[in-house]
Every structure is written in structure tokens, then in C-alpha cells.
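Quick notes on the structure that follows.
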Amino acid sequence: MIFVKKNIALNKILYIFLVLMCSLCYSQTVRKYSNEFLNIGVDAAALGMSNAVVASTGDVNSGYWNPAGLLKIEDREVALMHASYFANIAQYDYAGFATKIDDRSAWGISLIRFGVDDILNTTQLIDANGNIDYNRISLFSTADYGLTFSYARKLQVPGLQYGVNAKVIRRIIGKFANSWGFGFDAGLQFERNDWQYGIMIRDITTTYNVWAIDEDEYNKIKDAVTGQNQELPENTEITLPKAQLGIAKKFEFHNDYTLLTAINLNMQFARTNDVISTDAVSIDPAVGLEFGYTNLVFLRAGVGNFQNVEQIDGTTKVNFQPNIGLGFKYKGIQVDYALTDLGDQSAALYSNIFSVKVDLSIFR
């Protein structure tokens with residue numbers, strides 16, 4: 001009887017908690033594009049394959065792509081990546097570490113920073129008398145940080161494993177505003193008959209950001225343009241879940257050559273410009289290839305980001321993003337390079353990305 005009463009009380013508490021959470025979520029602002037810096041991707045090897053790695057990922061970078069893949073590492077690994085975007089205006093940096101706990105579990109941690117530094121603050125350029133004073137110009141930076149803790153474990157079903165991420169997000173816009181955010185990801189991988197399958201759900205519980213806005217700084221600029229910035233922006237936002245489905249298979253030829261083929265379906269639960277778009281879900285496919293020679297040299301190529309773009313004449317054109325890459329691996333040290341296209345490929349805004357991955361067991 002006591003056990004039943006405890007269960008009833010617990011159920012009531014859970015019910016109240018869920019009701020409060022639902023009402024809280026609906027009172028916030030839902031953003032279709034929020035925390036977008038976390039969607040760029042990490043690891044030049046994966047970017048060279050147009051991010052089609054949800055099923056095949058199996059190293060320290062799995063903490064980002066699909067935490068279930070952490071179980072494929074042999075010991076301990078670290079990874080670093082740097083990239084510059086928008087003609088070196090924005091800097092993107094990533095660092096990750098992962099290690100095995102035992103034969104059935106692993107954990108990892110990673111940090112991402114996307115920032116623009118030394119931005120001119122001209123809000124005080126004109127003094128109270130209407131005079132231009134260049135000494136009143138100052139500099140500030142805007143930066144987004146994502147700290148992720150990952151855990152992976154094998155299930156009782158042969159070939160099936162899962163992983164989860166807990167994310168802490170910090171965003172800073174000079175002294176004008178800053179925010180804290182929290183969220184979770186979850187992923188699965190399954191392997192059978194040399195076929196690999198994967199699913200990754202980002203922001204599975206939605207990711208919640210709370211902004212703090214410096215009202216004194218805001219009041220200095222709110223009347224700069226008539227009819228603009230008259231009210232404080234929303235101080236909370238919610239990032240909706242996204243899902244990625246993947247399938248991959250590696251083929252071996254004469255023991256020296258390998259070919260990894262992979263396909264991803266990247267899904268958002270809203271209407272977007274993706275090539276497949278409905279009110280319920282929008283799907284952007286991606287295809288990646290990796291050709292390897294004696295597990296030493298790798299050539300990669302991929303295509304993704306298929307978008308419907310409306311032309312000036314009213315017609316619609318499908319744009320896509322091609323990527324290529326190159327990698328070298330020797331005694332546990334792997335260096336990768338990718339040439340990627342951020343945005344419309346017709347603009348030829350390609351970015352050069354380098355990353356390095358090290359198996360720490362080589363130092364033992």
C-alpha cells in the first residue's frame with residue numbers, strides 16, 4: 001500500500017512538472033534558426049564528405065556528430081580544428097577529448113567557439129553637441145561558445161549502441177547582451193552485415209536560451225533610427241529539435257583500397273528552403289565518399305545543402321554545396337583538410353578548413 005501511495009504521489013509530481021514545463025515553453029519565443037553556430041560542423045574529414053557521417057562516425061569527433069560513435073575509439077583521442085569564414089572576419093575553433101570507460105561505455109567533452117573580434121562600436125561617435133569625435137569609437141567582440149559532455153554505451157542487442165549529449169551554451173555580444181543556454185542531444189548507431197545505420201536528434205528536449213540585455217547600453221541606441229529598436233527584444237528563445245538519419249557502408253578492394261559511401265537525411269520539423277519541404281518536415285539530403293589507400297591517405301568528396309532558391313524572374317533553382325577533402329594518417333596522428341562552401345556555391349565563397357586528431361596511446 002505504501003508503495004502504491006508513493007507511486008501515486010510521484011505521478012502527481014511528474015504531471016505538475018510536465019504541465020509547468022509545457023506552459024513555460026509555450027510562453028517563450030521559438031526560433032527556427034537559433035544557436036546556428038552549433039550546426040556548422042567539426043572535423044575536416046566529415047566536412048569534406050558534406051557532413052554525411054551520422055552512421056559511420058567513430059572517433060573523438062563523434063561527440064558532435066553522433067555520441068554513440070564514441071564506443072568505436074580504442075583508447076583516448078584528442079582533436080583540434082580551426083576555420084575562418086567570411087573572408088577571415090569570423091573565427092571558428094573546436095577542441096575535443098574522448099576516452100573509453102570500459103568495453104561497454106565511453107565519454108567525451110568538446111568545446112566550440114565561433115566569434116568575431118575587434119568590431120567597431122560607433123554608437124557614441126557623435127557627441128551630445130552633434131560633433132563627430134573619432135576618439136569615442138571603441139572595440140568589442142561577439143562570441144558563441146558551446147560546451148558539450150557526451151556519454152555512450154552499448155546495448156544488449158548486438159551491434160546497437162546509444163549516446164547522449166548535455167550542452168551548455170554561452171553567447172556574448174560585447175557588453176550589450178549575453179545569454180546562457182542548456183540542451184540535450186541523443187543518438188543511436190546500429191551495425192549489421194557491414195552496413196552502418198545512425199540517427200541523431202539534436203536539441204531533443206528543445207534548447208532553452210535566456211538573454212540578459214544591458215538596458216543602459218540599449219537606451220543609448222534605441223532612438224538612433226526612427227521606428228527601429230523601440231522595444232527591448234525577447235529575452236528568451238527555444239531551439240526546436242532537428243533529426244539526422246544516416247546509412248553507410250565501407251567496401252574493401254585488394255586489402256589496400258577502401259571506399260566509404262554514406263548518405264544523410266537532415267530534417268527540420270518546419271517549412272524551410274530545403275529541396276524537400278512541407279509544413280510538417282523539411283529534408284536536405286547529403287552524400288559523401290571517402291577513398292582510402294592502406295589506411296594512410298584519404299580522398300573525400302561530398303555534396304549537400306540542397307536548397308530551393310527563388311530567382312529574380314520568379315523561377316526556382318536548386319542550389320547545392322559541393323565539398324572536397326584530403327587526409328593523411330600515420331602512427332595515430334591524422335591531419336585532414338577540407339575545401340567547403342558556406343552558402344550559395346555560385347558565389348564561390350569557399351573556406352579552407354584544417355583539423356588534427358591524435359590517438360594518445362602512441363605516447364605510451
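Ordered as shown in the C-alpha cells, chains take letters A, B, and onward, while each chain numbers its residues from 1 and ligands are numbered from 1 in the order shown.
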
Please produce, as JSON lines, a per-residue contact table for stretch 273-326 of chain A versus stretch 36-46 of chain A (criterion: any atom at most 10 Å away, only C-alpha atoms considered), showing the nearest atom pair and its distance in Å to one decimal, sorted by chain then residue number.
{"residue": "A:Gly288", "atom": "CA", "partner": "A:Ala46", "partner_atom": "CA", "distance": 8.7}
{"residue": "A:Glu290", "atom": "CA", "partner": "A:Ala45", "partner_atom": "CA", "distance": 8.9}
{"residue": "A:Phe298", "atom": "CA", "partner": "A:Ala45", "partner_atom": "CA", "distance": 9.0}
{"residue": "A:Leu299", "atom": "CA", "partner": "A:Ala45", "partner_atom": "CA", "distance": 9.3}
{"residue": "A:Arg300", "atom": "CA", "partner": "A:Ala45", "partner_atom": "CA", "distance": 7.6}
{"residue": "A:Ala301", "atom": "CA", "partner": "A:Ala45", "partner_atom": "CA", "distance": 9.6}
{"residue": "A:Gly302", "atom": "CA", "partner": "A:Ala46", "partner_atom": "CA", "distance": 9.4}
{"residue": "A:Asn323", "atom": "CA", "partner": "A:Ala46", "partner_atom": "CA", "distance": 10.0}
{"residue": "A:Ile324", "atom": "CA", "partner": "A:Ala45", "partner_atom": "CA", "distance": 9.2}
{"residue": "A:Gly325", "atom": "CA", "partner": "A:Ala45", "partner_atom": "CA", "distance": 6.7}
{"residue": "A:Leu326", "atom": "CA", "partner": "A:Ala45", "partner_atom": "CA", "distance": 7.5}

Quick one: residues within 8 Å of stretch 54-67 of chain A, only C-alpha atoms counted, chain neighbours fewer than 3 positions away excluded, as a tab-separated table (two decimals) with N, CA, C and O atoms, in the first residue's frame?
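Just written: selection-v4.tsv:
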chain	number	residue	atom	x	y	z
A	41	GLY	N	29.39	22.32	-37.97
A	41	GLY	CA	30.09	21.04	-38.06
A	41	GLY	C	31.53	21.14	-37.60
A	41	GLY	O	32.11	22.22	-37.53
A	42	VAL	N	32.11	19.99	-37.29
A	42	VAL	CA	33.51	19.91	-36.85
A	42	VAL	C	34.20	18.81	-37.62
A	42	VAL	O	33.56	17.93	-38.22
A	43	ASP	N	35.54	18.85	-37.63
A	43	ASP	CA	36.37	17.82	-38.25
A	43	ASP	C	36.38	17.97	-39.77
A	43	ASP	O	35.37	17.77	-40.44
A	51	ASN	N	29.28	16.32	-44.37
A	51	ASN	CA	28.67	16.00	-43.08
A	51	ASN	C	27.85	14.71	-43.08
A	51	ASN	O	27.09	14.46	-42.14
A	70	LEU	N	31.27	7.17	-30.10
A	70	LEU	CA	32.43	7.21	-29.19
A	70	LEU	C	32.89	5.81	-28.80
A	70	LEU	O	34.05	5.61	-28.42
A	71	LEU	N	31.99	4.84	-28.87
A	71	LEU	CA	32.35	3.47	-28.46
A	71	LEU	C	33.33	2.82	-29.42
A	71	LEU	O	33.91	1.78	-29.10
A	72	LYS	N	33.55	3.40	-30.59
A	72	LYS	CA	34.45	2.80	-31.57
A	72	LYS	C	35.91	3.18	-31.35
A	72	LYS	O	36.80	2.63	-31.99
A	73	ILE	N	36.18	4.14	-30.46
A	73	ILE	CA	37.56	4.51	-30.23
A	73	ILE	C	38.25	3.42	-29.43
A	73	ILE	O	37.63	2.70	-28.65
A	77	GLU	N	41.50	9.84	-27.35
A	77	GLU	CA	41.78	10.66	-28.53
A	77	GLU	C	41.51	12.13	-28.23
A	77	GLU	O	40.64	12.47	-27.41
A	78	VAL	N	42.26	12.99	-28.91
A	78	VAL	CA	42.01	14.43	-28.87
A	78	VAL	C	41.90	14.94	-30.30
A	78	VAL	O	42.45	14.33	-31.24
A	79	ALA	N	41.19	16.04	-30.49
A	79	ALA	CA	41.02	16.62	-31.82
A	79	ALA	C	40.99	18.14	-31.70
A	79	ALA	O	40.49	18.69	-30.72
A	96	GLY	N	38.29	18.73	-28.82
A	96	GLY	CA	37.54	17.61	-28.25
A	96	GLY	C	38.45	16.57	-27.64
A	96	GLY	O	39.62	16.43	-28.04
A	97	PHE	N	37.93	15.86	-26.66
A	97	PHE	CA	38.64	14.76	-26.00
A	97	PHE	C	37.64	13.66	-25.72
A	97	PHE	O	36.49	13.92	-25.34
A	98	ALA	N	38.08	12.40	-25.90
A	98	ALA	CA	37.20	11.26	-25.61
A	98	ALA	C	38.04	10.08	-25.15
A	98	ALA	O	39.21	9.94	-25.54
A	99	THR	N	37.45	9.24	-24.32
A	99	THR	CA	38.16	8.08	-23.81
A	99	THR	C	37.18	6.96	-23.50
A	99	THR	O	36.00	7.22	-23.20
A	108	GLY	N	33.10	11.74	-23.48
A	108	GLY	CA	33.90	12.75	-24.14
A	108	GLY	C	33.44	14.15	-23.75
A	108	GLY	O	32.38	14.34	-23.15
A	109	ILE	N	34.27	15.11	-24.11
A	109	ILE	CA	33.96	16.52	-23.85
A	109	ILE	C	34.49	17.33	-25.02
A	109	ILE	O	35.54	17.00	-25.60
A	110	SER	N	33.77	18.37	-25.42
A	110	SER	CA	34.21	19.20	-26.54
A	110	SER	C	33.79	20.65	-26.31
A	110	SER	O	32.84	20.93	-25.58
A	148	THR	N	30.09	20.72	-24.59
A	148	THR	CA	29.29	19.50	-24.67
A	148	THR	C	29.93	18.36	-23.89
A	148	THR	O	31.13	18.09	-24.05
A	149	PHE	N	29.13	17.70	-23.07
A	149	PHE	CA	29.55	16.50	-22.35
A	149	PHE	C	28.82	15.30	-22.98
A	149	PHE	O	27.60	15.32	-23.10
A	150	SER	N	29.57	14.28	-23.38
A	150	SER	CA	28.99	13.15	-24.11
A	150	SER	C	29.20	11.84	-23.36
A	150	SER	O	30.23	11.64	-22.69
A	151	TYR	N	28.22	10.95	-23.49
A	151	TYR	CA	28.32	9.62	-22.90
A	151	TYR	C	27.72	8.61	-23.88
A	151	TYR	O	26.67	8.88	-24.49
A	152	ALA	N	28.38	7.47	-24.03
A	152	ALA	CA	27.91	6.43	-24.95
A	152	ALA	C	27.98	5.07	-24.26
A	152	ALA	O	28.85	4.81	-23.42
A	162	TYR	N	24.03	3.51	-28.03
A	162	TYR	CA	23.41	4.83	-27.95
A	162	TYR	C	24.38	5.82	-27.33
A	162	TYR	O	25.38	5.45	-26.69
A	163	GLY	N	24.07	7.10	-27.51
A	163	GLY	CA	24.87	8.15	-26.91
A	163	GLY	C	24.01	9.37	-26.62
A	163	GLY	O	22.99	9.60	-27.29
A	164	VAL	N	24.40	10.14	-25.62
A	164	VAL	CA	23.68	11.36	-25.26
A	164	VAL	C	24.68	12.50	-25.05
A	164	VAL	O	25.82	12.27	-24.65
A	165	ASN	N	24.22	13.70	-25.35
A	165	ASN	CA	24.99	14.92	-25.12
A	165	ASN	C	24.23	15.84	-24.17
A	165	ASN	O	23.01	15.97	-24.28
A	186	ALA	N	20.62	13.24	-28.57
A	186	ALA	CA	20.64	11.79	-28.40
A	186	ALA	C	20.87	11.13	-29.75
A	186	ALA	O	20.38	11.60	-30.78
A	187	GLY	N	21.63	10.03	-29.73
A	187	GLY	CA	21.93	9.35	-30.98
A	187	GLY	C	21.98	7.84	-30.81
A	187	GLY	O	22.20	7.33	-29.71
A	188	LEU	N	21.75	7.14	-31.92
A	188	LEU	CA	21.84	5.69	-31.98
A	188	LEU	C	22.68	5.28	-33.18
A	188	LEU	O	22.67	5.97	-34.21
A	189	GLN	N	23.39	4.17	-33.04
A	189	GLN	CA	24.07	3.54	-34.17
A	189	GLN	C	23.81	2.04	-34.13
A	189	GLN	O	23.73	1.44	-33.05
A	190	PHE	N	23.67	1.47	-35.32
A	190	PHE	CA	23.43	0.03	-35.43
A	190	PHE	C	24.23	-0.48	-36.62
A	190	PHE	O	24.24	0.13	-37.68
A	196	GLN	N	26.08	0.19	-41.85
A	196	GLN	CA	26.01	1.02	-40.65
A	196	GLN	C	24.81	1.96	-40.77
A	196	GLN	O	24.59	2.58	-41.82
A	197	TYR	N	24.07	2.07	-39.67
A	197	TYR	CA	22.89	2.94	-39.62
A	197	TYR	C	23.03	3.88	-38.42
A	197	TYR	O	23.56	3.49	-37.38
A	198	GLY	N	22.53	5.08	-38.57
A	198	GLY	CA	22.62	6.03	-37.48
A	198	GLY	C	21.48	7.01	-37.47
A	198	GLY	O	20.90	7.33	-38.51
A	199	ILE	N	21.14	7.48	-36.28
A	199	ILE	CA	20.16	8.55	-36.11
A	199	ILE	C	20.66	9.48	-35.02
A	199	ILE	O	21.16	9.03	-33.98
A	200	MET	N	20.56	10.77	-35.29
A	200	MET	CA	20.98	11.78	-34.33
A	200	MET	C	19.86	12.81	-34.22
A	200	MET	O	19.40	13.35	-35.24
A	244	GLN	N	18.73	13.74	-37.87
A	244	GLN	CA	19.57	13.30	-38.98
A	244	GLN	C	19.54	11.77	-39.03
A	244	GLN	O	19.81	11.11	-38.02
A	245	LEU	N	19.22	11.25	-40.19
A	245	LEU	CA	19.26	9.81	-40.43
A	245	LEU	C	20.40	9.51	-41.39
A	245	LEU	O	20.60	10.24	-42.37
A	246	GLY	N	21.14	8.42	-41.12
A	246	GLY	CA	22.27	8.10	-41.96
A	246	GLY	C	22.43	6.62	-42.20
A	246	GLY	O	22.00	5.78	-41.39
A	247	ILE	N	23.03	6.30	-43.35
A	247	ILE	CA	23.37	4.92	-43.69
A	247	ILE	C	24.71	4.94	-44.40
A	247	ILE	O	24.99	5.86	-45.18
A	248	ALA	N	25.56	3.96	-44.12
A	248	ALA	CA	26.90	3.95	-44.69
A	248	ALA	C	27.39	2.51	-44.84
A	248	ALA	O	26.94	1.60	-44.13
A	249	LYS	N	28.33	2.33	-45.77
A	249	LYS	CA	28.98	1.03	-45.94
A	249	LYS	C	30.37	1.25	-46.50
A	249	LYS	O	30.57	2.10	-47.37
A	262	ALA	N	28.33	7.07	-47.96
A	262	ALA	CA	27.41	7.46	-46.88
A	262	ALA	C	26.35	8.41	-47.41
A	262	ALA	O	26.61	9.23	-48.29
A	264	ASN	N	23.09	10.93	-45.83
A	264	ASN	CA	22.38	11.52	-44.70
A	264	ASN	C	21.08	12.16	-45.17
A	264	ASN	O	21.01	12.70	-46.28

Next on the checklist: DSSP on the backbone, strand (DSSP E) only: what residues of stretch 80-189 of chain A does that give? Format it as a VMD selection string.
Outcome noted: chain A and resid 80 to 85 90 to 102 105 to 121 138 to 154 160 to 173 177 to 189

Could those residues be written to a file, using C-alpha atoms, as a PDB file, in the first residue's frame?
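The result, stored in result33.pdb:
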ATOM      1  CA  LEU A  80      41.540  20.254 -32.805  1.00  0.00           C
ATOM      2  CA  MET A  81      40.116  22.294 -35.666  1.00  0.00           C
ATOM      3  CA  HIS A  82      40.337  25.869 -36.895  1.00  0.00           C
ATOM      4  CA  ALA A  83      38.456  27.584 -39.690  1.00  0.00           C
ATOM      5  CA  SER A  84      37.934  31.144 -40.904  1.00  0.00           C
ATOM      6  CA  TYR A  85      34.708  32.293 -42.503  1.00  0.00           C
ATOM      7  CA  ALA A  90      34.738  35.140 -38.250  1.00  0.00           C
ATOM      8  CA  GLN A  91      36.904  32.553 -36.489  1.00  0.00           C
ATOM      9  CA  TYR A  92      35.655  29.057 -35.696  1.00  0.00           C
ATOM     10  CA  ASP A  93      37.582  26.828 -33.273  1.00  0.00           C
ATOM     11  CA  TYR A  94      36.930  23.379 -31.844  1.00  0.00           C
ATOM     12  CA  ALA A  95      38.647  21.065 -29.362  1.00  0.00           C
ATOM     13  CA  GLY A  96      37.545  17.607 -28.252  1.00  0.00           C
ATOM     14  CA  PHE A  97      38.643  14.762 -26.000  1.00  0.00           C
ATOM     15  CA  ALA A  98      37.201  11.259 -25.606  1.00  0.00           C
ATOM     16  CA  THR A  99      38.157   8.078 -23.809  1.00  0.00           C
ATOM     17  CA  LYS A 100      36.877   4.577 -23.159  1.00  0.00           C
ATOM     18  CA  ILE A 101      35.458   3.850 -19.708  1.00  0.00           C
ATOM     19  CA  ASP A 102      35.270   0.098 -20.255  1.00  0.00           C
ATOM     20  CA  SER A 105      30.913   2.634 -22.389  1.00  0.00           C
ATOM     21  CA  ALA A 106      32.834   5.820 -23.243  1.00  0.00           C
ATOM     22  CA  TRP A 107      32.671   9.533 -22.563  1.00  0.00           C
ATOM     23  CA  GLY A 108      33.898  12.755 -24.144  1.00  0.00           C
ATOM     24  CA  ILE A 109      33.958  16.518 -23.851  1.00  0.00           C
ATOM     25  CA  SER A 110      34.210  19.202 -26.536  1.00  0.00           C
ATOM     26  CA  LEU A 111      34.265  22.978 -26.839  1.00  0.00           C
ATOM     27  CA  ILE A 112      33.265  25.126 -29.828  1.00  0.00           C
ATOM     28  CA  ARG A 113      33.853  28.865 -30.221  1.00  0.00           C
ATOM     29  CA  PHE A 114      32.529  30.979 -33.080  1.00  0.00           C
ATOM     30  CA  GLY A 115      33.480  34.619 -32.786  1.00  0.00           C
ATOM     31  CA  VAL A 116      34.011  37.947 -34.479  1.00  0.00           C
ATOM     32  CA  ASP A 117      36.578  40.137 -32.733  1.00  0.00           C
ATOM     33  CA  ASP A 118      37.525  43.814 -32.862  1.00  0.00           C
ATOM     34  CA  ILE A 119      34.148  45.114 -34.072  1.00  0.00           C
ATOM     35  CA  LEU A 120      33.944  48.904 -34.226  1.00  0.00           C
ATOM     36  CA  ASN A 121      31.431  50.358 -31.761  1.00  0.00           C
ATOM     37  CA  SER A 138      35.646  51.564 -29.183  1.00  0.00           C
ATOM     38  CA  LEU A 139      36.052  47.871 -30.000  1.00  0.00           C
ATOM     39  CA  PHE A 140      34.038  44.866 -28.872  1.00  0.00           C
ATOM     40  CA  SER A 141      33.728  41.176 -29.684  1.00  0.00           C
ATOM     41  CA  THR A 142      30.822  38.842 -30.178  1.00  0.00           C
ATOM     42  CA  ALA A 143      31.362  35.169 -29.444  1.00  0.00           C
ATOM     43  CA  ASP A 144      29.325  31.973 -29.128  1.00  0.00           C
ATOM     44  CA  TYR A 145      30.531  29.058 -27.006  1.00  0.00           C
ATOM     45  CA  GLY A 146      29.216  25.504 -26.861  1.00  0.00           C
ATOM     46  CA  LEU A 147      30.467  23.091 -24.196  1.00  0.00           C
ATOM     47  CA  THR A 148      29.286  19.500 -24.675  1.00  0.00           C
ATOM     48  CA  PHE A 149      29.550  16.495 -22.351  1.00  0.00           C
ATOM     49  CA  SER A 150      28.994  13.146 -24.109  1.00  0.00           C
ATOM     50  CA  TYR A 151      28.319   9.617 -22.897  1.00  0.00           C
ATOM     51  CA  ALA A 152      27.908   6.430 -24.948  1.00  0.00           C
ATOM     52  CA  ARG A 153      27.012   2.850 -24.064  1.00  0.00           C
ATOM     53  CA  LYS A 154      26.419  -0.465 -25.802  1.00  0.00           C
ATOM     54  CA  LEU A 160      23.333  -1.462 -31.198  1.00  0.00           C
ATOM     55  CA  GLN A 161      24.663   1.442 -29.125  1.00  0.00           C
ATOM     56  CA  TYR A 162      23.407   4.829 -27.945  1.00  0.00           C
ATOM     57  CA  GLY A 163      24.868   8.149 -26.905  1.00  0.00           C
ATOM     58  CA  VAL A 164      23.676  11.360 -25.262  1.00  0.00           C
ATOM     59  CA  ASN A 165      24.992  14.922 -25.119  1.00  0.00           C
ATOM     60  CA  ALA A 166      24.443  17.577 -22.470  1.00  0.00           C
ATOM     61  CA  LYS A 167      25.157  21.055 -23.842  1.00  0.00           C
ATOM     62  CA  VAL A 168      25.907  24.343 -22.122  1.00  0.00           C
ATOM     63  CA  ILE A 169      25.756  27.371 -24.422  1.00  0.00           C
ATOM     64  CA  ARG A 170      27.210  30.790 -23.716  1.00  0.00           C
ATOM     65  CA  ARG A 171      26.681  33.718 -26.104  1.00  0.00           C
ATOM     66  CA  ILE A 172      28.190  37.184 -25.633  1.00  0.00           C
ATOM     67  CA  ILE A 173      27.633  40.368 -27.654  1.00  0.00           C
ATOM     68  CA  ALA A 177      23.878  41.347 -24.140  1.00  0.00           C
ATOM     69  CA  ASN A 178      24.739  37.809 -23.126  1.00  0.00           C
ATOM     70  CA  SER A 179      22.902  34.536 -22.678  1.00  0.00           C
ATOM     71  CA  TRP A 180      23.086  31.066 -21.162  1.00  0.00           C
ATOM     72  CA  GLY A 181      21.520  28.035 -22.812  1.00  0.00           C
ATOM     73  CA  PHE A 182      21.059  24.359 -21.992  1.00  0.00           C
ATOM     74  CA  GLY A 183      20.008  21.384 -24.093  1.00  0.00           C
ATOM     75  CA  PHE A 184      20.414  17.696 -24.884  1.00  0.00           C
ATOM     76  CA  ASP A 185      21.121  15.535 -27.948  1.00  0.00           C
ATOM     77  CA  ALA A 186      20.635  11.791 -28.398  1.00  0.00           C
ATOM     78  CA  GLY A 187      21.931   9.347 -30.981  1.00  0.00           C
ATOM     79  CA  LEU A 188      21.839   5.689 -31.977  1.00  0.00           C
ATOM     80  CA  GLN A 189      24.070   3.540 -34.168  1.00  0.00           C
TER      81      GLN A 189
END
